[in-house]
$ cat input_5.cif   # mmCIF, C-alpha atoms and all ligand atoms
data_my_file
#
loop_
_atom_site.group_PDB
_atom_site.id
_atom_site.type_symbol
_atom_site.label_atom_id
_atom_site.label_comp_id
_atom_site.auth_asym_id
_atom_site.auth_seq_id
_atom_site.Cartn_x
_atom_site.Cartn_y
_atom_site.Cartn_z
ATOM 1 C CA MET A 16 0.000 0.000 0.000
ATOM 2 C CA SER A 17 1.299 3.426 -0.773
ATOM 3 C CA PHE A 18 1.561 6.343 1.610
ATOM 4 C CA SER A 19 3.795 9.385 1.972
ATOM 5 C CA LEU A 20 4.722 12.221 4.274
ATOM 6 C CA ILE A 21 6.252 15.646 3.710
ATOM 7 C CA ILE A 22 7.448 18.060 6.364
ATOM 8 C CA HIS A 23 8.900 21.546 6.657
ATOM 9 C CA GLY A 24 10.915 23.319 9.308
ATOM 10 C CA GLY A 25 10.374 26.878 8.089
ATOM 11 C CA ALA A 26 11.113 28.984 5.023
ATOM 12 C CA GLY A 27 13.163 32.166 4.922
ATOM 13 C CA ASN A 28 16.570 33.525 4.156
ATOM 14 C CA ILE A 29 18.327 30.167 4.272
ATOM 15 C CA PHE A 30 21.326 29.917 1.996
ATOM 16 C CA PRO A 31 24.485 27.822 1.588
ATOM 17 C CA GLY A 32 27.248 28.983 3.901
ATOM 18 C CA MET A 33 24.966 30.453 6.563
ATOM 19 C CA MET A 34 25.278 27.421 8.800
ATOM 20 C CA THR A 35 28.166 25.479 10.212
ATOM 21 C CA ALA A 36 28.464 21.834 9.183
ATOM 22 C CA GLU A 37 27.405 20.918 12.707
ATOM 23 C CA GLU A 38 24.237 23.011 12.463
ATOM 24 C CA GLU A 39 23.408 21.480 9.084
ATOM 25 C CA THR A 40 23.748 18.051 10.655
ATOM 26 C CA LEU A 41 21.421 19.005 13.520
ATOM 27 C CA TYR A 42 18.749 20.278 11.124
ATOM 28 C CA LYS A 43 19.033 17.214 8.971
ATOM 29 C CA LEU A 44 18.761 14.972 12.010
ATOM 30 C CA GLY A 45 15.720 16.854 13.296
ATOM 31 C CA LEU A 46 13.948 16.536 9.963
ATOM 32 C CA GLU A 47 14.911 12.893 9.601
ATOM 33 C CA GLN A 48 13.621 12.006 13.068
ATOM 34 C CA ALA A 49 10.293 13.681 12.297
ATOM 35 C CA LEU A 50 10.018 11.800 8.994
ATOM 36 C CA GLN A 51 10.727 8.507 10.741
ATOM 37 C CA ALA A 52 8.179 9.225 13.489
ATOM 38 C CA GLY A 53 5.447 9.778 10.893
ATOM 39 C CA TYR A 54 6.650 6.927 8.711
ATOM 40 C CA ARG A 55 6.380 4.350 11.519
ATOM 41 C CA LEU A 56 2.741 5.258 12.044
ATOM 42 C CA LEU A 57 1.841 5.283 8.366
ATOM 43 C CA LYS A 58 3.583 1.975 7.757
ATOM 44 C CA SER A 59 1.636 0.259 10.518
ATOM 45 C CA GLY A 60 -1.641 1.505 9.021
ATOM 46 C CA GLY A 61 -1.979 4.626 11.188
ATOM 47 C CA SER A 62 -4.009 7.605 10.016
ATOM 48 C CA ALA A 63 -2.646 10.655 8.225
ATOM 49 C CA VAL A 64 -3.824 12.762 11.192
ATOM 50 C CA ASP A 65 -1.772 10.725 13.659
ATOM 51 C CA ALA A 66 1.285 10.736 11.384
ATOM 52 C CA VAL A 67 1.115 14.509 10.987
ATOM 53 C CA ALA A 68 0.714 15.028 14.743
ATOM 54 C CA SER A 69 3.598 12.724 15.501
ATOM 55 C CA ALA A 70 5.986 14.240 12.924
ATOM 56 C CA ILE A 71 5.162 17.741 14.166
ATOM 57 C CA ALA A 72 5.519 16.757 17.840
ATOM 58 C CA SER A 73 9.001 15.473 17.032
ATOM 59 C CA LEU A 74 9.916 18.851 15.493
ATOM 60 C CA GLU A 75 8.340 20.695 18.446
ATOM 61 C CA ASP A 76 10.622 18.766 20.811
ATOM 62 C CA ASP A 77 13.679 19.822 18.826
ATOM 63 C CA PRO A 78 14.987 23.257 19.895
ATOM 64 C CA MET A 79 16.380 23.839 16.387
ATOM 65 C CA PHE A 80 12.873 24.722 15.177
ATOM 66 C CA ASN A 81 10.544 27.605 16.023
ATOM 67 C CA ALA A 82 7.754 25.572 17.588
ATOM 68 C CA GLY A 83 7.197 24.004 20.990
ATOM 69 C CA ARG A 84 10.519 23.913 22.811
ATOM 70 C CA GLY A 85 12.261 26.255 20.357
ATOM 71 C CA ALA A 86 9.470 28.853 20.101
ATOM 72 C CA VAL A 87 10.576 32.467 19.577
ATOM 73 C CA PHE A 88 9.911 35.311 22.030
ATOM 74 C CA THR A 89 7.177 37.946 21.787
ATOM 75 C CA LYS A 90 7.595 41.653 22.513
ATOM 76 C CA LYS A 91 6.881 40.858 26.168
ATOM 77 C CA GLY A 92 9.662 38.288 26.236
ATOM 78 C CA ILE A 93 7.343 35.296 26.510
ATOM 79 C CA ASN A 94 6.446 32.403 24.187
ATOM 80 C CA GLU A 95 2.995 32.320 22.636
ATOM 81 C CA MET A 96 2.435 29.384 20.342
ATOM 82 C CA ASP A 97 -0.045 28.643 17.564
ATOM 83 C CA ALA A 98 -0.904 25.284 15.968
ATOM 84 C CA ALA A 99 -3.534 23.641 13.786
ATOM 85 C CA ILE A 100 -4.377 20.261 12.332
ATOM 86 C CA MET A 101 -6.955 19.271 9.722
ATOM 87 C CA ASP A 102 -8.335 15.929 8.568
ATOM 88 C CA GLY A 103 -8.897 15.938 4.802
ATOM 89 C CA SER A 104 -11.264 12.955 4.933
ATOM 90 C CA ASN A 105 -14.049 14.801 6.772
ATOM 91 C CA LEU A 106 -12.809 18.427 7.023
ATOM 92 C CA ALA A 107 -12.554 18.138 10.799
ATOM 93 C CA ALA A 108 -10.102 20.685 12.184
ATOM 94 C CA GLY A 109 -8.615 21.826 15.473
ATOM 95 C CA ALA A 110 -6.507 24.868 16.245
ATOM 96 C CA VAL A 111 -5.017 26.781 19.153
ATOM 97 C CA ALA A 112 -3.548 30.282 19.293
ATOM 98 C CA GLY A 113 -1.463 32.146 21.829
ATOM 99 C CA VAL A 114 -0.957 29.133 24.079
ATOM 100 C CA ARG A 115 1.717 29.088 26.765
ATOM 101 C CA ASN A 116 3.505 26.253 28.587
ATOM 102 C CA VAL A 117 1.987 23.558 26.384
ATOM 103 C CA LYS A 118 4.775 21.122 25.524
ATOM 104 C CA ASN A 119 3.273 20.079 22.183
ATOM 105 C CA PRO A 120 0.741 22.590 20.846
ATOM 106 C CA ILE A 121 -0.043 20.241 17.927
ATOM 107 C CA LYS A 122 -1.336 17.638 20.389
ATOM 108 C CA LEU A 123 -3.575 20.277 21.913
ATOM 109 C CA ALA A 124 -4.857 21.252 18.444
ATOM 110 C CA ARG A 125 -5.626 17.579 17.762
ATOM 111 C CA GLU A 126 -7.447 17.359 21.089
ATOM 112 C CA VAL A 127 -9.511 20.439 20.189
ATOM 113 C CA MET A 128 -10.447 18.760 16.901
ATOM 114 C CA LEU A 129 -11.456 15.499 18.546
ATOM 115 C CA HIS A 130 -12.892 16.479 21.920
ATOM 116 C CA SER A 131 -13.916 20.125 22.233
ATOM 117 C CA GLY A 132 -16.871 20.422 19.897
ATOM 118 C CA HIS A 133 -15.112 23.536 18.556
ATOM 119 C CA VAL A 134 -12.461 24.275 15.967
ATOM 120 C CA PHE A 135 -10.398 27.104 17.423
ATOM 121 C CA LEU A 136 -9.444 27.887 21.041
ATOM 122 C CA SER A 137 -7.159 30.689 22.154
ATOM 123 C CA GLY A 138 -5.135 31.948 25.122
ATOM 124 C CA ALA A 139 -6.329 31.150 28.629
ATOM 125 C CA GLY A 140 -9.331 29.162 27.382
ATOM 126 C CA ALA A 141 -7.082 26.908 25.344
ATOM 127 C CA GLY A 142 -4.826 26.548 28.405
ATOM 128 C CA GLU A 143 -7.767 25.534 30.589
ATOM 129 C CA PHE A 144 -8.877 22.993 27.994
ATOM 130 C CA ALA A 145 -5.333 21.582 27.935
ATOM 131 C CA LEU A 146 -5.424 21.152 31.713
ATOM 132 C CA ASN A 147 -8.832 19.489 31.653
ATOM 133 C CA ARG A 148 -7.765 17.072 28.926
ATOM 134 C CA GLY A 149 -4.501 16.104 30.596
ATOM 135 C CA ILE A 150 -2.298 17.599 27.868
ATOM 136 C CA GLU A 151 1.348 17.725 28.942
ATOM 137 C CA LEU A 152 2.544 21.127 30.165
ATOM 138 C CA ALA A 153 6.096 22.392 30.620
ATOM 139 C CA PRO A 154 7.562 25.202 32.768
ATOM 140 C CA ASP A 155 8.881 28.465 31.258
ATOM 141 C CA GLU A 156 12.479 27.199 31.569
ATOM 142 C CA TYR A 157 11.722 24.409 29.109
ATOM 143 C CA PHE A 158 11.116 27.045 26.428
ATOM 144 C CA LEU A 159 14.081 29.238 27.371
ATOM 145 C CA ASN A 160 16.276 28.808 24.327
ATOM 146 C CA LYS A 161 19.419 30.947 24.536
ATOM 147 C CA ALA A 162 19.767 31.639 20.803
ATOM 148 C CA ARG A 163 16.120 32.640 20.477
ATOM 149 C CA TYR A 164 16.306 34.802 23.568
ATOM 150 C CA GLU A 165 19.306 36.641 22.151
ATOM 151 C CA GLN A 166 17.497 37.143 18.827
ATOM 152 C CA TRP A 167 14.727 38.807 20.763
ATOM 153 C CA LEU A 168 17.053 40.935 22.941
ATOM 154 C CA GLU A 169 18.510 42.452 19.780
ATOM 155 C CA ILE A 170 15.218 43.805 18.518
ATOM 156 C CA ARG A 171 12.966 44.082 21.556
ATOM 157 C CA ASP A 172 13.322 47.859 21.760
ATOM 158 C CA SER A 173 12.430 48.343 18.109
ATOM 159 C CA ASP A 174 9.139 48.022 16.268
ATOM 160 C CA TYR A 175 10.533 45.188 14.192
ATOM 161 C CA TYR A 176 9.101 41.723 14.320
ATOM 162 C CA GLN A 177 10.572 39.108 12.113
ATOM 163 C CA LEU A 178 10.692 35.621 10.771
ATOM 164 C CA ASP A 179 13.184 33.957 13.038
ATOM 165 C CA HIS A 180 15.441 33.082 10.122
ATOM 166 C CA LYS A 181 14.983 36.214 8.049
ATOM 167 C CA ALA A 182 18.658 37.215 8.424
ATOM 168 C CA ASP A 183 19.409 40.824 7.544
ATOM 169 C CA ASN A 184 16.910 41.718 4.875
ATOM 170 C CA LEU A 185 14.605 43.859 6.986
ATOM 171 C CA LYS A 186 15.569 47.462 6.296
ATOM 172 C CA GLY A 187 17.373 48.958 9.264
ATOM 173 C CA ALA A 188 16.984 45.848 11.394
ATOM 174 C CA PRO A 189 20.031 44.578 13.206
ATOM 175 C CA LYS A 190 22.076 41.968 11.397
ATOM 176 C CA THR A 191 21.233 38.772 13.130
ATOM 177 C CA ASP A 192 21.786 35.176 12.283
ATOM 178 C CA TYR A 193 18.247 33.844 12.016
ATOM 179 C CA LYS A 194 18.102 30.170 11.304
ATOM 180 C CA PHE A 195 15.094 28.494 12.787
ATOM 181 C CA GLY A 196 11.603 27.851 11.588
ATOM 182 C CA THR A 197 7.956 27.073 11.971
ATOM 183 C CA VAL A 198 7.154 23.422 11.404
ATOM 184 C CA GLY A 199 4.519 21.564 9.427
ATOM 185 C CA ALA A 200 3.584 18.213 7.934
ATOM 186 C CA VAL A 201 1.227 16.779 5.336
ATOM 187 C CA ALA A 202 0.552 13.055 5.017
ATOM 188 C CA CYS A 203 -1.390 10.710 2.783
ATOM 189 C CA ASP A 204 -2.140 7.423 4.565
ATOM 190 C CA GLN A 205 -2.764 3.900 3.263
ATOM 191 C CA ASN A 206 -6.469 4.668 2.862
ATOM 192 C CA GLY A 207 -5.728 7.660 0.666
ATOM 193 C CA ASN A 208 -6.711 10.153 3.372
ATOM 194 C CA LEU A 209 -4.883 13.454 3.659
ATOM 195 C CA ALA A 210 -4.079 15.491 6.763
ATOM 196 C CA ALA A 211 -2.101 18.669 7.318
ATOM 197 C CA GLY A 212 -0.760 20.434 10.392
ATOM 198 C CA THR A 213 1.384 23.423 11.342
ATOM 199 C CA SER A 214 2.948 24.584 14.621
ATOM 200 C CA THR A 215 4.848 27.776 15.402
ATOM 201 C CA GLY A 216 6.124 30.252 17.937
ATOM 202 C CA GLY A 217 5.242 32.913 15.360
ATOM 203 C CA MET A 218 7.581 35.806 14.691
ATOM 204 C CA THR A 219 10.276 37.189 17.012
ATOM 205 C CA ASN A 220 9.151 40.347 18.850
ATOM 206 C CA LYS A 221 5.544 39.955 17.695
ATOM 207 C CA GLN A 222 2.927 41.950 19.578
ATOM 208 C CA TYR A 223 1.287 40.395 22.618
ATOM 209 C CA GLY A 224 -1.710 38.462 21.311
ATOM 210 C CA ARG A 225 -0.639 38.482 17.660
ATOM 211 C CA ILE A 226 -1.846 35.435 15.763
ATOM 212 C CA GLY A 227 -0.259 34.409 12.470
ATOM 213 C CA ASP A 228 -1.472 32.274 9.600
ATOM 214 C CA SER A 229 -0.334 28.906 10.973
ATOM 215 C CA PRO A 230 -3.383 28.110 13.157
ATOM 216 C CA VAL A 231 -5.924 29.728 10.842
ATOM 217 C CA ILE A 232 -7.713 27.046 8.856
ATOM 218 C CA GLY A 233 -7.536 27.961 5.177
ATOM 219 C CA ALA A 234 -4.650 30.416 5.612
ATOM 220 C CA GLY A 235 -1.646 28.483 6.950
ATOM 221 C CA THR A 236 -3.186 25.027 7.201
ATOM 222 C CA TYR A 237 -5.762 23.161 5.129
ATOM 223 C CA ALA A 238 -6.626 19.601 4.054
ATOM 224 C CA ASN A 239 -9.307 18.222 1.790
ATOM 225 C CA ASN A 240 -9.101 14.742 0.243
ATOM 226 C CA THR A 241 -10.619 16.007 -2.988
ATOM 227 C CA THR A 242 -7.857 18.554 -3.550
ATOM 228 C CA CYS A 243 -4.797 18.730 -1.300
ATOM 229 C CA GLY A 244 -3.206 19.115 2.102
ATOM 230 C CA ILE A 245 -1.123 22.241 2.746
ATOM 231 C CA SER A 246 1.088 23.594 5.525
ATOM 232 C CA CYS A 247 2.547 27.092 5.105
ATOM 233 C CA THR A 248 5.486 28.987 6.537
ATOM 234 C CA GLY A 249 6.508 32.596 6.072
ATOM 235 C CA HIS A 250 5.368 36.113 6.877
ATOM 236 C CA GLY A 251 1.981 35.225 8.306
ATOM 237 C CA GLU A 252 0.240 38.548 7.730
ATOM 238 C CA PHE A 253 0.497 38.030 3.952
ATOM 239 C CA PHE A 254 -0.549 34.390 4.125
ATOM 240 C CA LEU A 255 -3.606 35.429 6.126
ATOM 241 C CA ARG A 256 -4.617 38.127 3.664
ATOM 242 C CA ARG A 257 -4.142 35.768 0.730
ATOM 243 C CA VAL A 258 -5.898 32.839 2.471
ATOM 244 C CA VAL A 259 -3.100 30.865 0.874
ATOM 245 C CA ALA A 260 -3.857 27.234 1.690
ATOM 246 C CA HIS A 261 -7.538 27.405 0.776
ATOM 247 C CA ASP A 262 -6.796 29.452 -2.328
ATOM 248 C CA ILE A 263 -4.618 26.624 -3.630
ATOM 249 C CA SER A 264 -7.339 24.095 -2.875
ATOM 250 C CA CYS A 265 -9.878 26.286 -4.713
ATOM 251 C CA LEU A 266 -7.648 26.677 -7.770
ATOM 252 C CA MET A 267 -7.519 22.897 -7.982
ATOM 253 C CA GLU A 268 -11.218 22.405 -7.329
ATOM 254 C CA TYR A 269 -12.700 25.196 -9.433
ATOM 255 C CA ARG A 270 -10.138 25.565 -12.179
ATOM 256 C CA GLY A 271 -8.896 21.994 -12.367
ATOM 257 C CA LEU A 272 -5.263 23.025 -11.947
ATOM 258 C CA SER A 273 -2.595 20.549 -10.895
ATOM 259 C CA LEU A 274 -1.113 20.787 -7.406
ATOM 260 C CA LYS A 275 2.078 22.312 -8.749
ATOM 261 C CA GLU A 276 0.324 24.853 -10.978
ATOM 262 C CA ALA A 277 -1.900 25.988 -8.115
ATOM 263 C CA CYS A 278 1.020 26.311 -5.669
ATOM 264 C CA ASN A 279 3.091 28.295 -8.166
ATOM 265 C CA ILE A 280 0.296 30.773 -8.898
ATOM 266 C CA VAL A 281 -0.187 31.553 -5.226
ATOM 267 C CA VAL A 282 3.367 31.379 -3.840
ATOM 268 C CA LYS A 283 5.379 32.664 -6.792
ATOM 269 C CA GLY A 284 2.669 34.955 -8.180
ATOM 270 C CA LYS A 285 0.111 36.364 -5.769
ATOM 271 C CA LEU A 286 2.306 36.360 -2.650
ATOM 272 C CA VAL A 287 5.318 37.832 -4.424
ATOM 273 C CA GLU A 288 3.165 40.626 -5.895
ATOM 274 C CA MET A 289 2.226 41.797 -2.407
ATOM 275 C CA GLY A 290 5.663 41.209 -0.855
ATOM 276 C CA GLY A 291 4.780 38.067 1.102
ATOM 277 C CA GLU A 292 7.844 35.952 1.698
ATOM 278 C CA GLY A 293 7.661 32.243 2.494
ATOM 279 C CA GLY A 294 6.616 28.883 1.198
ATOM 280 C CA LEU A 295 4.620 25.741 1.788
ATOM 281 C CA ILE A 296 4.446 21.990 1.442
ATOM 282 C CA ALA A 297 1.556 20.430 -0.454
ATOM 283 C CA MET A 298 0.302 16.952 -1.265
ATOM 284 C CA ASN A 299 -2.697 15.530 -3.105
ATOM 285 C CA ALA A 300 -4.596 12.321 -2.345
ATOM 286 C CA LYS A 301 -2.495 10.398 -4.856
ATOM 287 C CA GLY A 302 0.509 11.200 -2.694
ATOM 288 C CA ASN A 303 2.048 13.606 -5.249
ATOM 289 C CA HIS A 304 3.755 16.448 -3.474
ATOM 290 C CA ASP A 305 5.246 19.871 -4.026
ATOM 291 C CA PHE A 306 7.689 22.030 -2.080
ATOM 292 C CA CYS A 307 7.022 25.599 -3.154
ATOM 293 C CA PHE A 308 8.727 28.721 -1.796
ATOM 294 C CA ASN A 309 9.646 32.234 -2.893
ATOM 295 C CA SER A 310 12.308 32.677 -0.199
ATOM 296 C CA THR A 311 15.927 31.618 -0.501
ATOM 297 C CA GLY A 312 15.319 28.314 1.192
ATOM 298 C CA MET A 313 13.033 26.105 3.220
ATOM 299 C CA TYR A 314 13.912 23.287 5.590
ATOM 300 C CA ARG A 315 12.014 20.330 4.158
ATOM 301 C CA GLY A 316 11.815 16.578 3.852
ATOM 302 C CA PHE A 317 9.893 13.726 2.265
ATOM 303 C CA ILE A 318 9.473 9.981 2.854
ATOM 304 C CA ASP A 319 7.464 7.420 0.904
ATOM 305 C CA ALA A 320 6.162 3.894 1.566
ATOM 306 C CA SER A 321 9.410 2.286 0.420
ATOM 307 C CA GLY A 322 11.199 4.182 3.193
ATOM 308 C CA LYS A 323 13.058 6.329 0.676
ATOM 309 C CA TRP A 324 13.565 9.776 2.192
ATOM 310 C CA MET A 325 15.247 13.080 1.476
ATOM 311 C CA THR A 326 15.861 16.361 3.243
ATOM 312 C CA ALA A 327 16.913 19.707 1.762
ATOM 313 C CA PHE A 328 17.386 23.304 2.946
ATOM 314 C CA TYR A 329 18.377 25.533 0.055
ATOM 315 C CA GLY A 330 16.995 26.626 -3.340
ATOM 316 C CA VAL A 331 16.491 23.893 -5.890
ATOM 317 C CA GLU A 332 17.860 20.707 -4.437
ATOM 318 C CA ASN A 333 17.117 17.011 -4.814
ATOM 319 C CA GLU A 334 13.349 17.136 -5.040
HETATM 320 N N1 LIG B 1 3.982 31.879 9.447
HETATM 321 C C1 LIG B 1 4.464 32.037 10.790
HETATM 322 C C2 LIG B 1 3.780 33.218 11.409
HETATM 323 O O1 LIG B 1 3.616 34.225 10.753
HETATM 324 C C3 LIG B 1 5.945 32.235 10.876
HETATM 325 C C4 LIG B 1 6.805 31.241 10.133
HETATM 326 O O2 LIG B 1 6.305 30.531 9.266
HETATM 327 O O3 LIG B 1 8.022 31.134 10.424
HETATM 328 O O4 LIG B 1 3.461 33.160 12.571
#

$ encode --input "input_5.cif" --output "structure tokens" --more "lines below"
Ligand code: ASP
Amino acid sequence: MSFSLIIHGGAGNIFPGMMTAEEETLYKLGLEQALQAGYRLLKSGGSAVDAVASAIASLEDDPMFNAGRGAVFTKKGINEMDAAIMDGSNLAAGAVAGVRNVKNPIKLAREVMLHSGHVFLSGAGAGEFALNRGIELAPDEYFLNKARYEQWLEIRDSDYYQLDHKADNLKGAPKTDYKFGTVGAVACDQNGNLAAGTSTGGMTNKQYGRIGDSPVIGAGTYANNTTCGISCTGHGEFFLRRVVAHDISCLMEYRGLSLKEACNIVVKGKLVEMGGEGGLIAMNAKGNHDFCFNSTGMYRGFIDASGKWMTAFYGVENE
């Protein structure tokens, strides 16, 4: 039986030479572990939803990525995390925004989907739901990542907020070595069902209460068996305004475009026209996939039923 899984660890100004060999190895390892976590589930007949949640949880536990343990800091110097998951077989969805001290926000989003009777919970209400459902919490120290904290210290007194790996291309912003990213996964399971999920700490120095595209169903995350599963990463404000993930699904549904054509129109056309930097991973119910980004690079990976896998960071690599 065929199945496949794609993941991302953030798009942005990621280019050859920006990382040490050791850092490259750590990213590769993080992506590989997430692929293997999802693969094990899919191979044993698990659902796309469970594979997506498990791949994302693995990335959330890895401080190299801007989600869960490695979440960036807001203007107030705290972590506020967003996550969403969607089941393409029945359009069920769960999302959380602005959550604190939740070890794996993607697990909370999945719990919202399955057990809350709602789609989207935020802030203190989402925290209370996590407590009631026995979702694992972690103290502030767990999220205190030195590199992220220093990124924030550099810009906390400015009005800048930025993709954590946007490097120096914000006019007037301090030159900082931004290397980490939002995470996401899309899977197609043995039954041909799609699921997509995304988890993030958002953008460094974001306003208190700011919510990006990642947890917004249709903007940063979307799955529908009849079209595709999508997880986005990039400057969330643009992805929200362009309703990126659902737009791609609509281009496929209403105009009969292929996955690749639809992704290109939105990411390399519409987003670029309005200055929205970033990218996404996409898959259809046949398991065909696309990595599409208008930034210099995107941490990404793929694994199929044969166990063949790849990871890549920069421009056009082995896809
Ligand atoms: N899209 C995320 C946000 O705006 C950030 C990212 O993808 O790195 O919150």

$ resolve_selection --input "input_5.cif" --expression "the PyMOL selection byres (((chain A and resi 70-80) around 6) and not hetatm)" --output "NGL selection string"
:A and (49 or 52-53 or 67-69 or 81-85 or 119 or 195-196)

$ closest_residue --input "input_5.cif" --among "A:Ala210, A:Val201, A:Ala99, A:Met289" --to "Ile22 (chain A)" --atoms "all atoms listed in the file"
A:Val201

$ atom_distance --input "input_5.cif" --atom1 "CA of Val281 (chain A)" --atom2 "CA of Ser104 (chain A)"
23.9 Å

$ resolve_selection --input "input_5.cif" --expression "the PyMOL selection byres (((not hetatm)) within 7 of (chain B and resi 1))" --output "number ranges by chain"
A: 25-26, 178-179, 196-197, 215-218, 226-229, 247-252

$ atom_distance --input "input_5.cif" --atom1 "CA of Gly244 (chain A)" --atom2 "CA of Asn299 (chain A)"
6.3 Å

$ closest_residue --input "input_5.cif" --among "A:Met325, A:Ala86, A:Ala153, A:Met96" --to "His23 (chain A)" --atoms "only C-alpha atoms"
A:Met325

$ resolve_selection --input "input_5.cif" --expression "the PyMOL selection byres (((chain A and resi 317) around 6) and not hetatm)" --output "list in words"
Leu20, Ile21, Gly316, Ile318, Trp324 and Met325 of chain A

$ write_last_selection --input "input_5.cif" --atoms "C-alpha atoms" --output "CSV table (one decimal), in the coordinates of the input"
chain,number,residue,atom,x,y,z
A,20,LEU,CA,4.7,12.2,4.3
A,21,ILE,CA,6.3,15.6,3.7
A,316,GLY,CA,11.8,16.6,3.9
A,318,ILE,CA,9.5,10.0,2.9
A,324,TRP,CA,13.6,9.8,2.2
A,325,MET,CA,15.2,13.1,1.5

$ residues_around --input "input_5.cif" --residues "Gly60 (chain A)" --least-positions-apart "4" --cutoff "10 Å" --atoms "only C-alpha atoms" --output "JSON, numbers by chain"
{"A": [16, 18, 54, 55, 56, 66, 204, 205, 206]}
